[in-house]
$ cat coords36.csv   # CSV, C-alpha atoms
chain,number,residue,atom,x,y,z
A,175,MET,CA,0.0,0.0,0.0
A,176,SER,CA,1.3,3.5,-0.8
A,177,GLU,CA,0.0,6.9,-0.2
A,178,ALA,CA,-0.7,9.6,-2.8
A,179,GLU,CA,-1.9,13.1,-2.6
A,180,ASP,CA,-4.6,14.8,-4.6
A,181,ASP,CA,-6.7,17.9,-4.2
A,182,GLY,CA,-8.9,16.1,-1.7
A,183,GLY,CA,-6.1,15.0,0.6
A,184,SER,CA,-4.3,11.6,1.1
A,185,LEU,CA,-5.2,8.6,-0.9
A,186,TYR,CA,-4.1,5.2,0.4
A,187,VAL,CA,-3.5,3.2,-2.8
A,188,LEU,CA,-4.7,-0.4,-2.8
A,189,THR,CA,-4.2,-1.4,-6.5
A,190,ALA,CA,-4.1,0.0,-10.0
A,191,VAL,CA,-5.2,-1.1,-13.5
A,192,LEU,CA,-4.6,0.1,-17.0
A,193,VAL,CA,-7.2,1.4,-19.4
A,194,THR,CA,-5.7,1.5,-22.9
A,195,PRO,CA,-6.8,0.5,-26.4
A,196,THR,CA,-5.0,-2.9,-25.8
A,197,GLN,CA,-6.2,-3.7,-22.3
A,198,PHE,CA,-8.9,-2.6,-20.0
A,199,PRO,CA,-11.1,-4.2,-17.4
A,200,ALA,CA,-14.1,-6.0,-19.0
A,201,VAL,CA,-16.5,-4.3,-16.5
A,202,LEU,CA,-15.9,-1.0,-18.3
A,203,GLY,CA,-17.2,-1.8,-21.8
A,204,ASP,CA,-17.0,-3.7,-25.0
A,205,ASP,CA,-14.2,-1.5,-26.3
A,206,TYR,CA,-11.8,1.2,-25.2
A,207,PRO,CA,-14.0,4.2,-26.1
A,208,GLN,CA,-16.9,2.7,-24.1
A,209,ALA,CA,-14.5,2.2,-21.1
A,210,CYS,CA,-13.5,5.8,-21.3
A,211,ALA,CA,-17.1,7.0,-21.6
A,212,LEU,CA,-18.0,5.2,-18.4
A,213,LEU,CA,-15.1,7.0,-16.7
A,214,GLY,CA,-16.0,10.3,-18.3
A,215,VAL,CA,-12.7,10.8,-20.0
A,216,GLU,CA,-11.6,11.2,-23.7
A,217,PRO,CA,-10.3,8.0,-25.4
A,218,VAL,CA,-6.8,9.4,-26.0
A,219,ALA,CA,-4.3,7.1,-27.8
A,220,ASP,CA,-2.0,6.5,-24.8
A,221,GLY,CA,-4.7,5.6,-22.4
A,222,TYR,CA,-4.9,6.0,-18.6
A,223,GLY,CA,-4.1,4.4,-15.3
A,224,LEU,CA,-6.7,3.8,-12.7
A,225,VAL,CA,-5.5,4.1,-9.1
A,226,LEU,CA,-7.9,2.6,-6.6
A,227,GLY,CA,-7.7,3.5,-2.9
A,228,GLN,CA,-9.2,5.0,0.2
A,229,ASP,CA,-9.1,8.5,1.7
A,230,GLU,CA,-8.4,9.2,5.4
A,231,GLU,CA,-12.1,8.5,6.2
A,232,GLY,CA,-12.0,5.1,4.4
A,233,ALA,CA,-14.1,6.2,1.4
A,234,ARG,CA,-13.5,4.5,-1.9
A,235,TRP,CA,-11.9,6.6,-4.7
A,236,THR,CA,-10.8,5.9,-8.2
A,237,VAL,CA,-8.2,8.3,-9.5
A,238,VAL,CA,-7.7,8.5,-13.3
A,239,VAL,CA,-4.2,9.5,-14.2
A,240,ASP,CA,-2.5,10.0,-17.6
A,241,ASP,CA,0.9,8.8,-16.5
A,242,VAL,CA,0.4,5.3,-18.0
A,243,ALA,CA,4.1,4.4,-17.7
A,244,LEU,CA,4.1,5.0,-13.9
A,245,VAL,CA,1.0,2.8,-13.4
A,246,ALA,CA,2.4,0.1,-15.7
A,247,THR,CA,5.6,0.0,-13.8
A,248,ALA,CA,3.8,-0.3,-10.4
A,249,ILE,CA,1.6,-3.2,-11.7
A,250,ALA,CA,4.7,-5.0,-13.1
A,251,SER,CA,6.5,-4.6,-9.8
A,252,TRP,CA,3.6,-5.9,-7.8
A,253,ASP,CA,3.1,-8.8,-10.1
A,254,CYS,CA,6.8,-9.8,-9.4
A,255,GLY,CA,6.2,-9.6,-5.7
A,256,MET,CA,8.2,-6.3,-5.3
A,257,GLU,CA,7.2,-3.2,-3.4
A,258,TYR,CA,6.4,-0.1,-5.4
A,259,ASP,CA,5.3,3.2,-4.0
A,260,LEU,CA,2.7,4.4,-6.5
A,261,SER,CA,2.3,8.1,-5.9
A,262,PRO,CA,1.1,9.9,-9.0
A,263,ASP,CA,2.0,13.5,-9.4
A,264,GLU,CA,-1.0,15.8,-8.9
A,265,ARG,CA,-0.4,17.2,-12.4
A,266,THR,CA,-1.1,13.8,-13.9
A,267,ILE,CA,-4.6,13.4,-12.3
A,268,VAL,CA,-7.3,13.7,-14.9
A,269,VAL,CA,-10.3,13.2,-12.6
A,270,SER,CA,-11.0,11.6,-9.2
A,271,LEU,CA,-14.2,9.5,-9.1
A,272,ALA,CA,-16.1,8.3,-6.1
A,273,GLY,CA,-16.3,4.5,-5.7
A,274,TRP,CA,-14.5,1.6,-7.3
A,275,PRO,CA,-15.5,-0.1,-10.6
A,276,LEU,CA,-13.8,-3.4,-9.4
A,277,GLU,CA,-14.4,-5.7,-6.5
A,278,LEU,CA,-11.5,-5.5,-4.0
A,279,THR,CA,-10.9,-7.9,-1.1
A,280,VAL,CA,-8.3,-5.7,0.5
A,281,SER,CA,-8.6,-2.5,2.5
A,282,ALA,CA,-6.2,0.0,4.1
A,283,SER,CA,-5.2,-0.8,7.6
A,284,GLY,CA,-6.0,1.7,10.3
A,285,LEU,CA,-8.8,3.2,8.3
A,286,PRO,CA,-12.6,2.8,8.6
A,287,GLU,CA,-14.2,0.0,6.5
A,288,PRO,CA,-14.3,0.9,2.7
A,289,HIS,CA,-17.5,2.8,1.9
A,290,ASP,CA,-18.7,5.1,-0.9
A,291,PRO,CA,-18.6,8.8,-0.2
A,292,GLU,CA,-21.8,10.7,-0.6
A,293,GLN,CA,-23.1,11.1,-4.1
A,294,GLY,CA,-21.7,14.3,-5.6
A,295,ALA,CA,-18.6,14.2,-3.4
A,296,ASP,CA,-16.4,14.0,-6.5
A,297,GLY,CA,-18.0,17.0,-8.1
A,298,THR,CA,-19.5,15.0,-11.0
A,299,GLY,CA,-23.0,14.5,-9.6
A,300,ARG,CA,-22.9,10.9,-10.7
A,301,VAL,CA,-23.6,7.7,-8.7
A,302,PRO,CA,-20.3,6.3,-7.3
A,303,LEU,CA,-18.6,3.6,-9.3
A,304,ALA,CA,-19.4,0.1,-8.2
A,305,PRO,CA,-18.5,-3.5,-9.2
A,306,PRO,CA,-21.1,-5.4,-11.2
A,307,SER,CA,-23.7,-7.6,-9.4
A,308,ALA,CA,-23.2,-11.3,-9.4
A,309,GLU,CA,-27.0,-11.8,-9.2
A,310,VAL,CA,-27.9,-10.7,-12.8
A,311,TRP,CA,-26.7,-11.6,-16.3
A,312,GLY,CA,-25.9,-8.8,-18.8
A,313,PRO,CA,-23.2,-7.3,-20.9
A,314,VAL,CA,-20.7,-7.0,-18.0
A,315,GLN,CA,-21.2,-10.6,-16.8
A,316,ARG,CA,-21.0,-11.8,-20.4
A,317,ARG,CA,-17.6,-10.1,-20.8
A,318,LEU,CA,-16.4,-11.4,-17.5
A,319,GLY,CA,-17.4,-14.9,-18.5
A,320,ALA,CA,-15.2,-14.6,-21.6
A,321,ASP,CA,-12.3,-13.4,-19.4
A,322,GLN,CA,-12.8,-16.5,-17.3
A,323,ILE,CA,-12.7,-18.8,-20.3
A,324,ALA,CA,-9.5,-17.1,-21.5
A,325,ARG,CA,-7.9,-17.7,-18.1
A,326,ASP,CA,-8.9,-21.3,-17.7
A,327,TRP,CA,-8.8,-22.2,-21.4
A,328,ALA,CA,-7.9,-25.9,-21.1
A,329,ASP,CA,-10.7,-26.7,-18.7
A,330,TRP,CA,-13.4,-24.8,-20.6
A,331,ARG,CA,-12.3,-26.2,-24.0
A,332,GLU,CA,-12.8,-29.7,-22.7
A,333,ARG,CA,-16.0,-28.9,-20.9
A,334,VAL,CA,-17.7,-27.2,-23.8
A,335,ALA,CA,-16.5,-29.7,-26.4
A,336,THR,CA,-18.1,-32.4,-24.3
A,337,ASP,CA,-21.4,-30.7,-23.3
A,338,GLY,CA,-22.3,-27.9,-25.7
A,339,GLY,CA,-20.7,-28.2,-29.1
A,340,ALA,CA,-23.6,-29.7,-31.1
A,341,ALA,CA,-26.5,-27.7,-29.7
A,342,ALA,CA,-24.7,-24.4,-30.2
A,343,VAL,CA,-24.8,-24.6,-34.0
A,344,ALA,CA,-28.5,-24.1,-34.2
A,345,HIS,CA,-28.6,-20.9,-32.0
A,346,PRO,CA,-29.4,-17.9,-34.2
A,347,GLY,CA,-27.4,-15.7,-31.9
A,348,LEU,CA,-24.2,-17.6,-32.7
A,349,ALA,CA,-24.7,-16.9,-36.5
A,350,ARG,CA,-25.3,-13.2,-35.7
A,351,ALA,CA,-22.2,-12.9,-33.5
A,352,LEU,CA,-20.0,-14.7,-36.2
A,353,ALA,CA,-21.3,-12.4,-38.9
A,354,GLU,CA,-20.6,-9.3,-36.9
A,355,ALA,CA,-17.1,-10.6,-36.0
A,356,ALA,CA,-16.4,-11.3,-39.6
A,357,GLY,CA,-17.5,-7.8,-40.5
A,358,TYR,CA,-14.8,-6.3,-38.4
A,359,ALA,CA,-12.3,-7.4,-41.0
A,360,GLU,CA,-14.2,-5.3,-43.6
A,361,GLN,CA,-14.9,-2.3,-41.5
A,362,ALA,CA,-12.6,-1.6,-38.6
A,363,PRO,CA,-14.4,-1.6,-35.2
A,364,PRO,CA,-13.7,0.9,-32.3
A,365,PRO,CA,-10.2,0.4,-30.7
A,366,GLY,CA,-10.1,-2.5,-28.3
A,367,ARG,CA,-13.1,-4.3,-29.8
A,368,VAL,CA,-10.7,-7.0,-31.0
A,369,ARG,CA,-7.7,-7.8,-28.9
A,370,SER,CA,-4.9,-10.3,-29.0
A,371,SER,CA,-2.7,-11.5,-26.2
A,372,PHE,CA,0.1,-14.1,-25.8
A,373,ALA,CA,-0.8,-17.7,-25.0
A,374,GLU,CA,1.2,-20.9,-24.6
A,375,GLU,CA,3.3,-22.5,-27.4
A,376,GLY,CA,3.3,-19.5,-29.6
A,377,ALA,CA,-0.5,-19.3,-29.9
A,378,ARG,CA,-2.6,-16.1,-29.3
A,379,THR,CA,-5.7,-15.6,-27.3
A,380,LEU,CA,-8.2,-13.6,-29.2
A,381,ARG,CA,-11.1,-11.5,-27.7
A,382,ALA,CA,-13.8,-9.9,-29.8
A,383,ASP,CA,-16.8,-8.2,-28.4
A,384,GLY,CA,-19.9,-6.7,-30.0
A,385,PRO,CA,-23.5,-5.7,-29.2
A,386,GLY,CA,-24.8,-8.6,-27.1
A,387,TRP,CA,-21.9,-11.0,-27.7
A,388,SER,CA,-18.3,-11.9,-26.8
A,389,LEU,CA,-16.0,-14.3,-28.6
A,390,VAL,CA,-12.9,-15.8,-27.0
A,391,ALA,CA,-10.6,-18.0,-29.0
A,392,ARG,CA,-7.2,-19.6,-29.1
A,393,THR,CA,-5.5,-19.5,-32.5
A,394,GLY,CA,-5.1,-22.9,-34.0
A,395,GLU,CA,-7.6,-24.4,-31.6
A,396,ALA,CA,-11.2,-23.4,-30.9
A,397,ALA,CA,-13.5,-20.5,-30.2
A,398,PHE,CA,-16.5,-19.9,-27.9
A,399,VAL,CA,-19.3,-17.3,-27.9
A,400,LEU,CA,-21.3,-15.9,-25.0
A,401,LEU,CA,-24.6,-14.1,-25.6
A,402,ASP,CA,-26.6,-11.6,-23.5
A,403,GLU,CA,-29.7,-13.6,-24.3
A,404,GLU,CA,-28.3,-16.9,-23.0
A,405,PRO,CA,-27.3,-16.4,-19.3
A,406,GLY,CA,-24.2,-18.4,-18.4
A,407,GLU,CA,-24.2,-20.4,-21.6
A,408,VAL,CA,-21.1,-21.0,-23.6
A,409,LEU,CA,-21.5,-21.8,-27.3
A,410,ALA,CA,-18.8,-23.6,-29.3
A,411,VAL,CA,-18.0,-22.2,-32.7
A,412,PRO,CA,-18.1,-25.0,-35.4
A,413,ALA,CA,-14.7,-25.4,-37.0
A,414,ASP,CA,-16.1,-25.9,-40.5
A,415,GLY,CA,-18.3,-22.9,-40.6
A,416,HIS,CA,-22.0,-22.5,-39.8
A,417,PRO,CA,-24.0,-25.1,-41.7
A,418,ASP,CA,-27.0,-22.9,-42.1
A,419,HIS,CA,-25.0,-19.9,-43.1
A,420,PRO,CA,-22.4,-20.9,-45.8
A,421,GLU,CA,-21.6,-17.3,-46.4
A,422,LEU,CA,-19.8,-17.1,-43.0
A,423,PRO,CA,-16.1,-17.9,-42.9
A,424,LYS,CA,-14.7,-21.1,-41.5
A,425,LEU,CA,-13.3,-20.8,-38.0
A,426,PRO,CA,-9.5,-20.8,-39.1
A,427,ASP,CA,-10.3,-18.0,-41.6
A,428,LEU,CA,-12.2,-16.0,-39.1
A,429,LEU,CA,-9.5,-16.2,-36.5
A,430,ALA,CA,-6.8,-15.3,-39.1
A,431,ALA,CA,-8.8,-12.2,-40.1
A,432,LEU,CA,-9.4,-11.2,-36.4
A,433,THR,CA,-5.7,-11.7,-35.7
A,434,ARG,CA,-4.7,-9.3,-38.5
A,435,ILE,CA,-6.9,-6.5,-37.1
A,436,ALA,CA,-6.5,-7.1,-33.4
A,437,VAL,CA,-4.7,-4.7,-31.2
A,438,ARG,CA,-2.1,-6.2,-28.9
A,439,PRO,CA,0.0,-5.0,-25.9
A,440,ALA,CA,3.3,-3.5,-26.8

$ encode --input "coords36.csv" --output "structure tokens"
Amino acid sequence: MSEAEDDGGSLYVLTAVLVTPTQFPAVLGDDYPQACALLGVEPVADGYGLVLGQDEEGARWTVVVDDVALVATAIASWDCGMEYDLSPDERTIVVSLAGWPLELTVSASGLPEPHDPEQGADGTGRVPLAPPSAEVWGPVQRRLGADQIARDWADWRERVATDGGAAAVAHPGLARALAEAAGYAEQAPPPGRVRSSFAEEGARTLRADGPGWSLVARTGEAAFVLLDEEPGEVLAVPADGHPDHPELPKLPDLLAALTRIAVRPA
């Protein structure tokens, strides 16, 4: 934990995340501009860092800073088990927002329990940021589900191949998602709508999102789709194309096209 200063006093830093065209928390949106819109900031090319912490009264705050390199260095250090004092310069602060957009299980010692400040305390008049509910299914939960599949790829690949592959083909939402994903190769989507990250043995993990759907895939292997209208269901993408829609590309061709247009971390 480190301590930073802003116009409102001390902030006891608990964690930080990046919001850039190549990576951003799934709770914030289907793409980078959506994520920025939720935070009330402009989708600048370099992105932002989000610093999550508590003030001296224990209230939750999310501080948006434009010093991406500083936040990235802190995250990398923490991931390696090293201490890093993340104290952004006041001049790098873009906006301070009440609440946290992510669920945190940690809190600052010696302070009151984490709680949201009163609405309007950040000067925006908006409701404090809050993590998504686990009791409902919607776009946020759909995107988080795709994140989980990407993290536990081997388990989900085996589970879906066994339980859900055949039934998925007949779902009209699957054809719609595949058509829209294929369309991204013809007309570039907003930044961050298609992302690529490193996976084992030289493969890439692909994420594509669209209105009501998320696709997660491993190049050279398989792909799965989650839909807003199917709570908790994971649909396997047929490798040889959709039998009822021959105009759609086969899976290897679709993944190759998405790989070409995907943004990826530097």

$ residues_near_point --input "coords36.csv" --point "(-21.2, -5.1, -12.8)" --cutoff "9 Å" --atoms "only C-alpha atoms" --output "PyMOL selection string"
chain A and resi 201-202+275-276+304-308+310+312-315

$ closest_residue --input "coords36.csv" --among "A:Pro207, A:Pro412, A:Pro262, A:Gly214" --to "Ala190 in chain A" --atoms "only C-alpha atoms"
A:Pro262

$ closest_residue --input "coords36.csv" --among "A:Leu278, A:Ala200, A:Val268, A:Ala440" --to "Ser388 in chain A" --atoms "only C-alpha atoms"
A:Ala200

$ closest_residue --input "coords36.csv" --among "A:Pro363, A:Gly357, A:Gly299, A:Gly347" --to "Gly386 in chain A" --atoms "all atoms listed in the file"
A:Gly347

$ atom_distance --input "coords36.csv" --atom1 "CA of Gly223 in chain A" --atom2 "CA of Asp241 in chain A"
6.8 Å

$ residues_around --input "coords36.csv" --residues "range 366-368 of chain A" --least-positions-apart "5" --cutoff "10 Å" --atoms "all atoms listed in the file" --output "list in words"
Thr194, Pro195, Thr196, Gln197, Phe198, Gly203, Asp204, Asp205, Tyr206, Pro207, Gln208, Ala209, Ala355, Tyr358, Leu380, Arg381, Ala382, Asp383, Gly384, Ser388, Leu389, Val390, Leu432, Thr433, Arg434, Ile435, Ala436, Val437 and Arg438 of chain A

$ closest_residue --input "coords36.csv" --among "A:Asp402, A:Asp296, A:Glu375, A:Asp418" --to "Trp235 in chain A" --atoms "all atoms listed in the file"
A:Asp296

$ residues_around --input "coords36.csv" --residues "Lys424 in chain A" --least-positions-apart "5" --cutoff "12 Å" --atoms "all atoms listed in the file" --output "PDB file with C-alpha atoms, keeping the file's coordinate frame"
ATOM      1  CA  ALA A 349     -24.700 -16.900 -36.500  1.00  0.00           C
ATOM      2  CA  LEU A 352     -20.000 -14.700 -36.200  1.00  0.00           C
ATOM      3  CA  ALA A 353     -21.300 -12.400 -38.900  1.00  0.00           C
ATOM      4  CA  ALA A 356     -16.400 -11.300 -39.600  1.00  0.00           C
ATOM      5  CA  ALA A 396     -11.200 -23.400 -30.900  1.00  0.00           C
ATOM      6  CA  ALA A 397     -13.500 -20.500 -30.200  1.00  0.00           C
ATOM      7  CA  VAL A 411     -18.000 -22.200 -32.700  1.00  0.00           C
ATOM      8  CA  PRO A 412     -18.100 -25.000 -35.400  1.00  0.00           C
ATOM      9  CA  ALA A 413     -14.700 -25.400 -37.000  1.00  0.00           C
ATOM     10  CA  ASP A 414     -16.100 -25.900 -40.500  1.00  0.00           C
ATOM     11  CA  GLY A 415     -18.300 -22.900 -40.600  1.00  0.00           C
ATOM     12  CA  HIS A 416     -22.000 -22.500 -39.800  1.00  0.00           C
ATOM     13  CA  PRO A 417     -24.000 -25.100 -41.700  1.00  0.00           C
ATOM     14  CA  HIS A 419     -25.000 -19.900 -43.100  1.00  0.00           C
ATOM     15  CA  LEU A 429      -9.500 -16.200 -36.500  1.00  0.00           C
ATOM     16  CA  ALA A 430      -6.800 -15.300 -39.100  1.00  0.00           C
ATOM     17  CA  ALA A 431      -8.800 -12.200 -40.100  1.00  0.00           C
TER      18      ALA A 431
END

$ atom_distance --input "coords36.csv" --atom1 "CA of Val269 in chain A" --atom2 "CA of Ser371 in chain A"
29.2 Å
